[in-house]
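What follows is start.pdb (PDB, C-alpha atoms, pLDDT in the B column).
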ATOM      1  CA  MET A   1     129.466  63.344-136.305  1.00 93.00           C
ATOM      2  CA  ILE A   2     132.964  64.226-137.572  1.00 97.00           C
ATOM      3  CA  ARG A   3     132.991  67.490-139.505  1.00 97.00           C
ATOM      4  CA  VAL A   4     135.423  67.520-142.441  1.00 98.00           C
ATOM      5  CA  ILE A   5     136.871  70.342-144.520  1.00 98.00           C
ATOM      6  CA  LEU A   6     137.940  69.005-147.925  1.00 97.00           C
ATOM      7  CA  HIS A   7     140.995  70.753-149.393  1.00 97.00           C
ATOM      8  CA  GLY A   8     141.172  70.182-153.142  1.00 95.00           C
ATOM      9  CA  ALA A   9     137.423  69.731-153.299  1.00 94.00           C
ATOM     10  CA  SER A  10     137.042  70.410-157.025  1.00 92.00           C
ATOM     11  CA  GLY A  11     139.743  67.986-158.133  1.00 90.00           C
ATOM     12  CA  ALA A  12     139.260  64.394-159.247  1.00 89.00           C
ATOM     13  CA  MET A  13     140.022  62.911-155.826  1.00 92.00           C
ATOM     14  CA  GLY A  14     138.056  65.623-154.069  1.00 93.00           C
ATOM     15  CA  LYS A  15     134.951  64.604-156.004  1.00 94.00           C
ATOM     16  CA  VAL A  16     135.554  60.943-155.159  1.00 95.00           C
ATOM     17  CA  ILE A  17     135.903  61.714-151.452  1.00 95.00           C
ATOM     18  CA  ALA A  18     132.810  63.913-151.440  1.00 95.00           C
ATOM     19  CA  GLY A  19     130.795  61.055-152.918  1.00 94.00           C
ATOM     20  CA  LEU A  20     132.148  58.511-150.454  1.00 96.00           C
ATOM     21  CA  ALA A  21     131.479  60.780-147.476  1.00 95.00           C
ATOM     22  CA  GLN A  22     127.800  60.935-148.383  1.00 93.00           C
ATOM     23  CA  ASP A  23     127.547  57.198-147.744  1.00 92.00           C
ATOM     24  CA  ARG A  24     129.052  57.391-144.248  1.00 94.00           C
ATOM     25  CA  ASP A  25     127.024  57.954-141.107  1.00 93.00           C
ATOM     26  CA  ASP A  26     129.957  59.042-138.951  1.00 95.00           C
ATOM     27  CA  MET A  27     131.109  62.134-140.854  1.00 96.00           C
ATOM     28  CA  LYS A  28     129.998  65.051-142.973  1.00 96.00           C
ATOM     29  CA  ILE A  29     131.876  67.421-145.282  1.00 97.00           C
ATOM     30  CA  VAL A  30     130.970  70.895-144.087  1.00 97.00           C
ATOM     31  CA  ALA A  31     133.095  72.902-146.547  1.00 97.00           C
ATOM     32  CA  GLY A  32     135.538  72.606-149.405  1.00 96.00           C
ATOM     33  CA  ILE A  33     138.551  74.632-150.488  1.00 96.00           C
ATOM     34  CA  ASP A  34     139.871  74.800-154.045  1.00 95.00           C
ATOM     35  CA  ARG A  35     141.434  77.557-156.131  1.00 91.00           C
ATOM     36  CA  ASN A  36     138.990  76.512-158.876  1.00 87.00           C
ATOM     37  CA  ALA A  37     136.004  76.664-156.589  1.00 86.00           C
ATOM     38  CA  VAL A  38     133.108  74.816-158.207  1.00 83.00           C
ATOM     39  CA  GLN A  39     129.868  75.027-156.248  1.00 86.00           C
ATOM     40  CA  THR A  40     127.912  71.765-156.215  1.00 82.00           C
ATOM     41  CA  GLY A  41     125.361  72.657-153.574  1.00 84.00           C
ATOM     42  CA  ALA A  42     126.369  69.825-151.255  1.00 89.00           C
ATOM     43  CA  PHE A  43     128.650  72.169-149.273  1.00 94.00           C
ATOM     44  CA  PRO A  44     130.240  75.598-149.858  1.00 96.00           C
ATOM     45  CA  VAL A  45     133.598  75.689-151.668  1.00 95.00           C
ATOM     46  CA  TYR A  46     136.037  78.551-151.070  1.00 96.00           C
ATOM     47  CA  GLU A  47     138.977  79.661-153.202  1.00 94.00           C
ATOM     48  CA  GLN A  48     141.290  80.170-150.217  1.00 93.00           C
ATOM     49  CA  PRO A  49     141.543  78.556-146.758  1.00 94.00           C
ATOM     50  CA  ARG A  50     141.156  81.862-144.927  1.00 94.00           C
ATOM     51  CA  LEU A  51     137.741  82.418-146.496  1.00 95.00           C
ATOM     52  CA  CYS A  52     136.479  79.233-144.861  1.00 96.00           C
ATOM     53  CA  LEU A  53     134.981  79.983-141.450  1.00 95.00           C
ATOM     54  CA  GLU A  54     133.060  76.727-140.875  1.00 96.00           C
ATOM     55  CA  GLU A  55     133.720  74.846-137.660  1.00 96.00           C
ATOM     56  CA  ALA A  56     135.297  71.442-138.281  1.00 97.00           C
ATOM     57  CA  ASP A  57     137.106  68.536-136.640  1.00 98.00           C
ATOM     58  CA  VAL A  58     139.620  67.612-139.350  1.00 98.00           C
ATOM     59  CA  ILE A  59     140.939  68.626-142.781  1.00 98.00           C
ATOM     60  CA  VAL A  60     141.404  66.120-145.603  1.00 97.00           C
ATOM     61  CA  ASP A  61     143.810  67.330-148.280  1.00 96.00           C
ATOM     62  CA  PHE A  62     144.065  65.983-151.832  1.00 93.00           C
ATOM     63  CA  SER A  63     145.402  68.987-153.725  1.00 92.00           C
ATOM     64  CA  ALA A  64     148.732  70.073-155.217  1.00 88.00           C
ATOM     65  CA  ALA A  65     152.112  70.682-153.662  1.00 89.00           C
ATOM     66  CA  ALA A  66     151.909  74.420-154.404  1.00 92.00           C
ATOM     67  CA  ALA A  67     148.828  74.713-152.190  1.00 93.00           C
ATOM     68  CA  VAL A  68     150.272  72.950-149.151  1.00 94.00           C
ATOM     69  CA  ASP A  69     152.229  75.888-147.681  1.00 94.00           C
ATOM     70  CA  GLY A  70     149.157  78.037-147.146  1.00 94.00           C
ATOM     71  CA  LEU A  71     147.169  75.048-145.928  1.00 96.00           C
ATOM     72  CA  LEU A  72     149.719  74.191-143.237  1.00 96.00           C
ATOM     73  CA  ASP A  73     149.746  77.738-141.864  1.00 96.00           C
ATOM     74  CA  TRP A  74     145.957  77.866-141.796  1.00 97.00           C
ATOM     75  CA  ALA A  75     145.590  74.420-140.190  1.00 97.00           C
ATOM     76  CA  VAL A  76     147.989  75.395-137.421  1.00 97.00           C
ATOM     77  CA  GLU A  77     146.185  78.699-136.939  1.00 97.00           C
ATOM     78  CA  ARG A  78     142.825  76.913-136.667  1.00 96.00           C
ATOM     79  CA  LYS A  79     144.313  74.048-134.591  1.00 97.00           C
ATOM     80  CA  LEU A  80     142.752  71.525-136.973  1.00 97.00           C
ATOM     81  CA  PRO A  81     144.045  67.972-137.495  1.00 98.00           C
ATOM     82  CA  LEU A  82     145.261  67.414-141.056  1.00 98.00           C
ATOM     83  CA  VAL A  83     145.164  64.302-143.238  1.00 98.00           C
ATOM     84  CA  LEU A  84     147.785  65.232-145.843  1.00 96.00           C
ATOM     85  CA  CYS A  85     147.412  63.163-149.021  1.00 92.00           C
ATOM     86  CA  THR A  86     149.179  65.463-151.479  1.00 88.00           C
ATOM     87  CA  THR A  87     152.432  64.017-152.847  1.00 82.00           C
ATOM     88  CA  GLY A  88     155.476  65.550-154.509  1.00 80.00           C
ATOM     89  CA  LEU A  89     156.370  67.807-151.570  1.00 87.00           C
ATOM     90  CA  SER A  90     159.810  69.392-151.506  1.00 90.00           C
ATOM     91  CA  ASP A  91     162.305  68.862-148.684  1.00 92.00           C
ATOM     92  CA  ARG A  92     161.453  72.327-147.414  1.00 96.00           C
ATOM     93  CA  GLN A  93     157.762  71.483-147.362  1.00 95.00           C
ATOM     94  CA  LEU A  94     158.388  68.177-145.600  1.00 94.00           C
ATOM     95  CA  GLN A  95     160.263  70.091-142.919  1.00 97.00           C
ATOM     96  CA  ALA A  96     157.296  72.454-142.622  1.00 96.00           C
ATOM     97  CA  VAL A  97     154.965  69.467-142.258  1.00 97.00           C
ATOM     98  CA  GLN A  98     157.144  68.102-139.454  1.00 96.00           C
ATOM     99  CA  LYS A  99     157.143  71.491-137.720  1.00 97.00           C
ATOM    100  CA  ALA A 100     153.355  71.768-138.040  1.00 97.00           C
ATOM    101  CA  SER A 101     152.983  68.346-136.400  1.00 97.00           C
ATOM    102  CA  GLU A 102     154.457  69.816-133.234  1.00 97.00           C
ATOM    103  CA  GLN A 103     151.268  71.870-132.879  1.00 98.00           C
ATOM    104  CA  ILE A 104     148.564  69.792-134.593  1.00 98.00           C
ATOM    105  CA  PRO A 105     148.071  66.112-135.452  1.00 98.00           C
ATOM    106  CA  VAL A 106     149.187  65.405-139.038  1.00 98.00           C
ATOM    107  CA  LEU A 107     148.716  62.120-140.854  1.00 98.00           C
ATOM    108  CA  ARG A 108     150.789  61.683-143.987  1.00 94.00           C
ATOM    109  CA  SER A 109     151.262  58.556-146.092  1.00 86.00           C
ATOM    110  CA  ALA A 110     152.759  57.792-149.503  1.00 78.00           C
ATOM    111  CA  ASN A 111     149.537  55.948-150.319  1.00 89.00           C
ATOM    112  CA  MET A 112     146.169  56.103-148.553  1.00 93.00           C
ATOM    113  CA  SER A 113     144.980  52.655-149.673  1.00 94.00           C
ATOM    114  CA  VAL A 114     144.450  50.149-146.879  1.00 95.00           C
ATOM    115  CA  GLY A 115     145.727  47.349-149.114  1.00 96.00           C
ATOM    116  CA  VAL A 116     148.915  49.160-150.109  1.00 96.00           C
ATOM    117  CA  ASN A 117     149.757  49.862-146.482  1.00 95.00           C
ATOM    118  CA  VAL A 118     149.345  46.173-145.694  1.00 96.00           C
ATOM    119  CA  LEU A 119     151.654  45.492-148.661  1.00 97.00           C
ATOM    120  CA  PHE A 120     154.312  47.717-147.048  1.00 96.00           C
ATOM    121  CA  THR A 121     154.245  45.492-143.965  1.00 96.00           C
ATOM    122  CA  LEU A 122     154.211  42.203-145.888  1.00 97.00           C
ATOM    123  CA  ALA A 123     157.073  43.278-148.152  1.00 98.00           C
ATOM    124  CA  ALA A 124     159.169  44.359-145.173  1.00 98.00           C
ATOM    125  CA  GLN A 125     158.583  41.038-143.418  1.00 97.00           C
ATOM    126  CA  ALA A 126     159.506  39.099-146.555  1.00 98.00           C
ATOM    127  CA  ALA A 127     162.659  41.178-147.045  1.00 98.00           C
ATOM    128  CA  ARG A 128     163.855  40.383-143.515  1.00 97.00           C
ATOM    129  CA  ILE A 129     163.610  36.669-144.233  1.00 97.00           C
ATOM    130  CA  LEU A 130     164.622  36.447-147.878  1.00 98.00           C
ATOM    131  CA  SER A 131     167.370  39.050-148.215  1.00 95.00           C
ATOM    132  CA  GLU A 132     169.687  36.953-146.046  1.00 93.00           C
ATOM    133  CA  ARG A 133     168.986  33.929-148.249  1.00 96.00           C
ATOM    134  CA  GLY A 134     170.175  35.473-151.477  1.00 95.00           C
ATOM    135  CA  TYR A 135     166.864  36.493-153.031  1.00 98.00           C
ATOM    136  CA  ASP A 136     166.980  39.392-155.491  1.00 98.00           C
ATOM    137  CA  ILE A 137     164.237  42.025-155.051  1.00 98.00           C
ATOM    138  CA  GLU A 138     162.510  43.757-157.932  1.00 98.00           C
ATOM    139  CA  ILE A 139     159.543  46.149-157.997  1.00 98.00           C
ATOM    140  CA  LEU A 140     157.381  46.684-161.073  1.00 98.00           C
ATOM    141  CA  GLU A 141     154.833  49.496-160.997  1.00 98.00           C
ATOM    142  CA  LYS A 142     152.237  50.375-163.651  1.00 97.00           C
ATOM    143  CA  HIS A 143     150.124  53.520-163.986  1.00 96.00           C
ATOM    144  CA  HIS A 144     148.034  55.433-166.512  1.00 96.00           C
ATOM    145  CA  ASN A 145     149.567  57.417-169.340  1.00 96.00           C
ATOM    146  CA  ARG A 146     148.899  60.782-167.653  1.00 92.00           C
ATOM    147  CA  LYS A 147     151.067  60.131-164.596  1.00 90.00           C
ATOM    148  CA  LEU A 148     154.009  62.534-164.582  1.00 83.00           C
ATOM    149  CA  ASP A 149     156.456  60.964-162.129  1.00 85.00           C
ATOM    150  CA  ALA A 150     158.331  57.685-162.354  1.00 91.00           C
ATOM    151  CA  PRO A 151     158.865  55.608-160.383  1.00 93.00           C
ATOM    152  CA  SER A 152     155.719  56.109-158.355  1.00 91.00           C
ATOM    153  CA  GLY A 153     155.931  57.392-154.815  1.00 88.00           C
ATOM    154  CA  THR A 154     154.324  54.144-153.691  1.00 92.00           C
ATOM    155  CA  ALA A 155     157.028  52.045-155.368  1.00 95.00           C
ATOM    156  CA  LEU A 156     159.695  54.076-153.592  1.00 94.00           C
ATOM    157  CA  ALA A 157     157.818  53.726-150.299  1.00 93.00           C
ATOM    158  CA  ILE A 158     157.720  49.939-150.741  1.00 97.00           C
ATOM    159  CA  ALA A 159     161.467  49.936-151.365  1.00 98.00           C
ATOM    160  CA  ASP A 160     162.031  52.155-148.326  1.00 97.00           C
ATOM    161  CA  ALA A 161     159.949  49.840-146.110  1.00 96.00           C
ATOM    162  CA  MET A 162     162.023  46.837-147.175  1.00 98.00           C
ATOM    163  CA  ASN A 163     165.312  48.711-146.910  1.00 98.00           C
ATOM    164  CA  GLU A 164     164.483  49.915-143.422  1.00 97.00           C
ATOM    165  CA  ALA A 165     163.728  46.323-142.415  1.00 97.00           C
ATOM    166  CA  VAL A 166     167.261  45.236-143.362  1.00 97.00           C
ATOM    167  CA  ASP A 167     169.168  48.218-141.950  1.00 95.00           C
ATOM    168  CA  GLY A 168     169.546  50.103-145.231  1.00 96.00           C
ATOM    169  CA  ARG A 169     171.694  47.597-147.109  1.00 95.00           C
ATOM    170  CA  TYR A 170     170.089  48.244-150.510  1.00 97.00           C
ATOM    171  CA  SER A 171     170.610  50.861-153.188  1.00 97.00           C
ATOM    172  CA  TYR A 172     167.907  51.507-155.799  1.00 97.00           C
ATOM    173  CA  THR A 173     168.398  50.923-159.516  1.00 96.00           C
ATOM    174  CA  LEU A 174     165.840  52.664-161.724  1.00 94.00           C
ATOM    175  CA  ASP A 175     167.407  52.043-165.140  1.00 89.00           C
ATOM    176  CA  ARG A 176     169.800  49.344-166.331  1.00 89.00           C
ATOM    177  CA  SER A 177     169.813  50.329-170.006  1.00 89.00           C
ATOM    178  CA  ALA A 178     172.888  52.538-169.754  1.00 84.00           C
ATOM    179  CA  ARG A 179     175.149  49.915-168.184  1.00 85.00           C
ATOM    180  CA  ARG A 180     176.350  46.463-169.099  1.00 90.00           C
ATOM    181  CA  GLN A 181     177.164  44.589-165.928  1.00 91.00           C
ATOM    182  CA  LYS A 182     175.936  41.906-163.582  1.00 93.00           C
ATOM    183  CA  ARG A 183     173.163  42.730-161.155  1.00 94.00           C
ATOM    184  CA  ASP A 184     174.365  43.926-157.742  1.00 93.00           C
ATOM    185  CA  PRO A 185     172.924  41.646-155.017  1.00 94.00           C
ATOM    186  CA  ASP A 186     172.527  44.684-152.760  1.00 96.00           C
ATOM    187  CA  GLU A 187     170.159  46.586-155.038  1.00 97.00           C
ATOM    188  CA  ILE A 188     166.410  46.814-155.454  1.00 98.00           C
ATOM    189  CA  GLY A 189     165.375  47.258-159.068  1.00 97.00           C
ATOM    190  CA  ILE A 190     162.390  49.524-159.664  1.00 98.00           C
ATOM    191  CA  GLN A 191     160.796  49.569-163.114  1.00 97.00           C
ATOM    192  CA  SER A 192     157.887  51.676-164.415  1.00 97.00           C
ATOM    193  CA  VAL A 193     155.197  51.161-167.040  1.00 98.00           C
ATOM    194  CA  ARG A 194     152.886  53.943-168.247  1.00 98.00           C
ATOM    195  CA  GLY A 195     149.854  53.268-170.408  1.00 98.00           C
ATOM    196  CA  GLY A 196     146.125  53.556-170.907  1.00 98.00           C
ATOM    197  CA  THR A 197     143.964  54.040-167.840  1.00 96.00           C
ATOM    198  CA  ILE A 198     145.789  51.764-165.368  1.00 96.00           C
ATOM    199  CA  VAL A 199     144.858  53.116-161.933  1.00 94.00           C
ATOM    200  CA  GLY A 200     147.825  51.531-160.215  1.00 95.00           C
ATOM    201  CA  GLU A 201     149.579  48.182-159.958  1.00 97.00           C
ATOM    202  CA  HIS A 202     152.562  47.299-157.793  1.00 98.00           C
ATOM    203  CA  ASP A 203     154.375  43.961-157.875  1.00 98.00           C
ATOM    204  CA  VAL A 204     157.166  43.053-155.475  1.00 98.00           C
ATOM    205  CA  MET A 205     159.200  40.068-156.640  1.00 98.00           C
ATOM    206  CA  PHE A 206     161.609  38.071-154.504  1.00 98.00           C
ATOM    207  CA  CYS A 207     163.639  36.041-156.998  1.00 98.00           C
ATOM    208  CA  GLY A 208     165.618  33.116-155.595  1.00 97.00           C
ATOM    209  CA  LEU A 209     167.154  29.910-156.871  1.00 96.00           C
ATOM    210  CA  ASP A 210     164.440  28.029-158.788  1.00 97.00           C
ATOM    211  CA  GLU A 211     161.558  30.018-157.254  1.00 98.00           C
ATOM    212  CA  VAL A 212     159.934  33.434-157.251  1.00 98.00           C
ATOM    213  CA  ILE A 213     157.660  34.867-154.574  1.00 98.00           C
ATOM    214  CA  GLU A 214     155.393  37.760-155.622  1.00 98.00           C
ATOM    215  CA  ILE A 215     153.289  40.199-153.621  1.00 98.00           C
ATOM    216  CA  ARG A 216     150.878  42.238-155.752  1.00 98.00           C
ATOM    217  CA  HIS A 217     148.461  45.067-155.194  1.00 98.00           C
ATOM    218  CA  THR A 218     146.047  46.208-157.901  1.00 98.00           C
ATOM    219  CA  ALA A 219     143.937  49.352-157.667  1.00 96.00           C
ATOM    220  CA  TYR A 220     140.755  49.225-159.734  1.00 96.00           C
ATOM    221  CA  SER A 221     139.524  52.721-158.918  1.00 94.00           C
ATOM    222  CA  ARG A 222     140.501  55.867-157.047  1.00 91.00           C
ATOM    223  CA  ALA A 223     137.869  55.071-154.468  1.00 95.00           C
ATOM    224  CA  ILE A 224     140.348  52.992-152.454  1.00 96.00           C
ATOM    225  CA  PHE A 225     142.432  56.109-151.775  1.00 94.00           C
ATOM    226  CA  GLY A 226     139.342  58.081-150.783  1.00 95.00           C
ATOM    227  CA  LYS A 227     138.142  55.370-148.405  1.00 96.00           C
ATOM    228  CA  GLY A 228     141.537  55.279-146.747  1.00 96.00           C
ATOM    229  CA  ALA A 229     141.607  59.065-146.406  1.00 96.00           C
ATOM    230  CA  LEU A 230     138.206  59.124-144.711  1.00 97.00           C
ATOM    231  CA  ASP A 231     139.218  56.301-142.354  1.00 96.00           C
ATOM    232  CA  ALA A 232     142.308  58.350-141.543  1.00 97.00           C
ATOM    233  CA  ALA A 233     140.147  61.415-140.858  1.00 97.00           C
ATOM    234  CA  ALA A 234     137.973  59.432-138.448  1.00 96.00           C
ATOM    235  CA  PHE A 235     141.124  58.210-136.695  1.00 97.00           C
ATOM    236  CA  LEU A 236     142.856  61.595-136.514  1.00 97.00           C
ATOM    237  CA  ALA A 237     139.990  63.716-135.186  1.00 95.00           C
ATOM    238  CA  GLY A 238     140.652  64.436-131.524  1.00 93.00           C
ATOM    239  CA  LYS A 239     144.228  63.104-131.478  1.00 96.00           C
ATOM    240  CA  GLN A 240     147.154  64.837-129.824  1.00 97.00           C
ATOM    241  CA  ALA A 241     149.679  66.776-131.904  1.00 97.00           C
ATOM    242  CA  GLY A 242     152.229  64.623-133.691  1.00 97.00           C
ATOM    243  CA  MET A 243     153.025  62.766-136.926  1.00 97.00           C
ATOM    244  CA  TYR A 244     150.843  59.781-137.771  1.00 97.00           C
ATOM    245  CA  GLN A 245     150.795  57.252-140.614  1.00 93.00           C
ATOM    246  CA  MET A 246     148.256  54.883-142.126  1.00 94.00           C
ATOM    247  CA  LYS A 247     149.865  52.049-140.197  1.00 91.00           C
ATOM    248  CA  ASP A 248     148.642  53.796-137.036  1.00 95.00           C
ATOM    249  CA  VAL A 249     145.090  53.795-138.439  1.00 95.00           C
ATOM    250  CA  LEU A 250     145.358  50.088-139.251  1.00 93.00           C
ATOM    251  CA  GLY A 251     147.203  49.046-136.092  1.00 89.00           C
ATOM    252  CA  LEU A 252     150.145  47.628-138.068  1.00 80.00           C
TER     253      LEU A 252
END
Reformat the file's structure so that it appears as structure tokens.
Amino acid sequence: MIRVILHGASGAMGKVIAGLAQDRDDMKIVAGIDRNAVQTGAFPVYEQPRLCLEEADVIVDFSAAAAVDGLLDWAVERKLPLVLCTTGLSDRQLQAVQKASEQIPVLRSANMSVGVNVLFTLAAQAARILSERGYDIEILEKHHNRKLDAPSGTALAIADAMNEAVDGRYSYTLDRSARRQKRDPDEIGIQSVRGGTIVGEHDVMFCGLDEVIEIRHTAYSRAIFGKGALDAAAFLAGKQAGMYQMKDVLGL
């Protein structure tokens, strides 16, 4: 049985993960950590990491960037593997994550969905083939009206995966409204839509002469991110120190 500490336990994703974990036979959440500690009775929730003394095999984090610094120090101190799902980290924090991975296993991904991580691979493969044949690449991402950042981190990660596959030839264009000129063939356009309760949609379009190839991922609930995080926790428990990604979990 894999023992999990859930960091960000009282947040929306924390509640989703707690519910999903109850349906798994291979793991159990033994404690939660959240600055707004809400006790549910399923497991104790502490306001700070250092108050949590439960023995565990792995930490799953879905919190906020401001909480990551203290979490990293505590995870290293406890020698606990860390599945880091929080986004929006600063360059300084990313450097701290890399340093922590020298002492503990850390798994970090721009998106924890299994499907999205397969999309990264498919988009990269398509870019290798189609970029040399004159296809223009566009990404359209859609999210709910409460999302603060644009474009999404996932859209940027898709672009990065494709760009890496073709040796960094592309620049990214996020807004064409302020210029009046022909599209640069060496750019990836990334457009954002915000509205309603859209959980997340990402379309990658390869636009060629007289044809368009599209790869699409649609998220219908937050559960897909929770499932991926728990699969990552099962993978990471017992691993050697180092940086891991969801592609390692999936064998991609």
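Going from atom CA of Ala100 of chain A to atom CA of Thr154 of chain A covers 23.6 Å.
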*Report the residues retrieved by the PyMOL selection byres ((chain A and resi 67) around 10) from the displayed file, expressed as a PyMOL selection string.*
chain A and resi 7-8+34-35+48-49+61-66+68-72+86
How close does each residue of segment 176-235 of chain A get to segment 112-135 of chain A, giving the shortest atom pair and distance in Å to one decimal for every residue with an atom at most 12 Å away, counting all atoms listed in the file, sorted by chain and residue number, as JSON lines?
{"residue": "A:Asp184", "atom": "CA", "partner": "A:Gly134", "partner_atom": "CA", "distance": 11.3}
{"residue": "A:Pro185", "atom": "CA", "partner": "A:Gly134", "partner_atom": "CA", "distance": 7.6}
{"residue": "A:Asp186", "atom": "CA", "partner": "A:Ser131", "partner_atom": "CA", "distance": 8.9}
{"residue": "A:Glu187", "atom": "CA", "partner": "A:Ser131", "partner_atom": "CA", "distance": 10.5}
{"residue": "A:Ile188", "atom": "CA", "partner": "A:Tyr135", "partner_atom": "CA", "distance": 10.6}
{"residue": "A:Gly200", "atom": "CA", "partner": "A:Val116", "partner_atom": "CA", "distance": 10.4}
{"residue": "A:Glu201", "atom": "CA", "partner": "A:Val116", "partner_atom": "CA", "distance": 9.9}
{"residue": "A:His202", "atom": "CA", "partner": "A:Val116", "partner_atom": "CA", "distance": 8.7}
{"residue": "A:Asp203", "atom": "CA", "partner": "A:Leu119", "partner_atom": "CA", "distance": 9.7}
{"residue": "A:Val204", "atom": "CA", "partner": "A:Ala123", "partner_atom": "CA", "distance": 7.3}
{"residue": "A:Met205", "atom": "CA", "partner": "A:Tyr135", "partner_atom": "CA", "distance": 9.2}
{"residue": "A:Phe206", "atom": "CA", "partner": "A:Tyr135", "partner_atom": "CA", "distance": 5.7}
{"residue": "A:Cys207", "atom": "CA", "partner": "A:Tyr135", "partner_atom": "CA", "distance": 5.1}
{"residue": "A:Gly208", "atom": "CA", "partner": "A:Tyr135", "partner_atom": "CA", "distance": 4.4}
{"residue": "A:Leu209", "atom": "CA", "partner": "A:Tyr135", "partner_atom": "CA", "distance": 7.6}
{"residue": "A:Asp210", "atom": "CA", "partner": "A:Tyr135", "partner_atom": "CA", "distance": 10.5}
{"residue": "A:Glu211", "atom": "CA", "partner": "A:Tyr135", "partner_atom": "CA", "distance": 9.4}
{"residue": "A:Val212", "atom": "CA", "partner": "A:Tyr135", "partner_atom": "CA", "distance": 8.7}
{"residue": "A:Ile213", "atom": "CA", "partner": "A:Ala126", "partner_atom": "CA", "distance": 9.3}
{"residue": "A:Glu214", "atom": "CA", "partner": "A:Ala123", "partner_atom": "CA", "distance": 9.4}
{"residue": "A:Ile215", "atom": "CA", "partner": "A:Ala123", "partner_atom": "CA", "distance": 7.3}
{"residue": "A:Arg216", "atom": "CA", "partner": "A:Leu119", "partner_atom": "CA", "distance": 7.8}
{"residue": "A:His217", "atom": "CA", "partner": "A:Val116", "partner_atom": "CA", "distance": 6.5}
{"residue": "A:Thr218", "atom": "CA", "partner": "A:Val116", "partner_atom": "CA", "distance": 8.8}
{"residue": "A:Ala219", "atom": "CA", "partner": "A:Ser113", "partner_atom": "CA", "distance": 8.7}
{"residue": "A:Tyr220", "atom": "CA", "partner": "A:Ser113", "partner_atom": "CA", "distance": 11.4}
{"residue": "A:Ser221", "atom": "CA", "partner": "A:Ser113", "partner_atom": "CA", "distance": 10.7}
{"residue": "A:Arg222", "atom": "CA", "partner": "A:Ser113", "partner_atom": "CA", "distance": 9.2}
{"residue": "A:Ala223", "atom": "CA", "partner": "A:Ser113", "partner_atom": "CA", "distance": 8.9}
{"residue": "A:Ile224", "atom": "CA", "partner": "A:Ser113", "partner_atom": "CA", "distance": 5.4}
{"residue": "A:Phe225", "atom": "CA", "partner": "A:Ser113", "partner_atom": "CA", "distance": 4.8}
{"residue": "A:Gly226", "atom": "CA", "partner": "A:Met112", "partner_atom": "CA", "distance": 7.4}
{"residue": "A:Lys227", "atom": "CA", "partner": "A:Ser113", "partner_atom": "CA", "distance": 7.5}
{"residue": "A:Gly228", "atom": "CA", "partner": "A:Met112", "partner_atom": "CA", "distance": 5.0}
{"residue": "A:Ala229", "atom": "CA", "partner": "A:Met112", "partner_atom": "CA", "distance": 5.8}
{"residue": "A:Leu230", "atom": "CA", "partner": "A:Met112", "partner_atom": "CA", "distance": 9.3}
{"residue": "A:Asp231", "atom": "CA", "partner": "A:Val114", "partner_atom": "CA", "distance": 9.3}
{"residue": "A:Ala232", "atom": "CA", "partner": "A:Met112", "partner_atom": "CA", "distance": 8.3}
{"residue": "A:Ala233", "atom": "CA", "partner": "A:Met112", "partner_atom": "CA", "distance": 11.1}
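Taking atom CA of Lys142 of chain A and atom CA of Ala155 of chain A as the two end points, the separation is 9.7 Å.
For the set A:Arg179, A:Lys239, A:Arg24, A:Arg194, the residue with the smallest atom-to-atom gap to Val106 of chain A is A:Lys239, counting all atoms listed in the file.
You will find atom CA of Gly14 of chain A at 15.3 Å from atom CA of Met27 of chain A.
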*Name the residues that the PyMOL selection byres ((chain A and resi 32) around 12) picks from the file above, as JSON, numbers by chain, using the file's chain letters and numbers.*
{"A": [3, 4, 5, 6, 7, 8, 9, 10, 11, 14, 15, 17, 18, 28, 29, 30, 31, 33, 34, 35, 36, 37, 38, 39, 40, 41, 42, 43, 44, 45, 46, 47, 48, 49, 50, 51, 52, 53, 54, 56, 58, 59, 60, 61, 62, 63]}
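This file, queried with the PyMOL selection byres ((chain A and resi 102) around 10), gives the residues A:Val76, A:Val97, A:Gln98, A:Lys99, A:Ala100, A:Ser101, A:Gln103, A:Ile104, A:Pro105, A:Val106, A:Gln240, A:Ala241, A:Gly242, A:Met243.
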Polymer residues at most 9 Å from Asp175 of chain A, all atoms listed in the file, same-chain spacing of 6 or more positions, as a short mmCIF file (atom, residue, chain, number, x, y, z; two decimals) with C-alpha atoms, in the coordinates of the input:
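Once written, selection.cif looks like this:
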data_model
loop_
_atom_site.label_atom_id
_atom_site.label_comp_id
_atom_site.auth_asym_id
_atom_site.auth_seq_id
_atom_site.Cartn_x
_atom_site.Cartn_y
_atom_site.Cartn_z
CA GLY A 189 165.38 47.26 -159.07
CA ILE A 190 162.39 49.52 -159.66
CA GLN A 191 160.80 49.57 -163.11
#
*Which polymer residues have any atom within 8 Å of an atom of Thr197 of chain A, counting only C-alpha atoms, with same-chain residues fewer than 2 positions away left out, as number ranges by chain?*
A: 143-145, 195, 199
*Which residue out of A:Leu148, A:Cys85, A:Leu94, A:Ala75 has the minimum interatomic distance to Met13 of chain A when all atoms listed in the file are used?*
A:Cys85
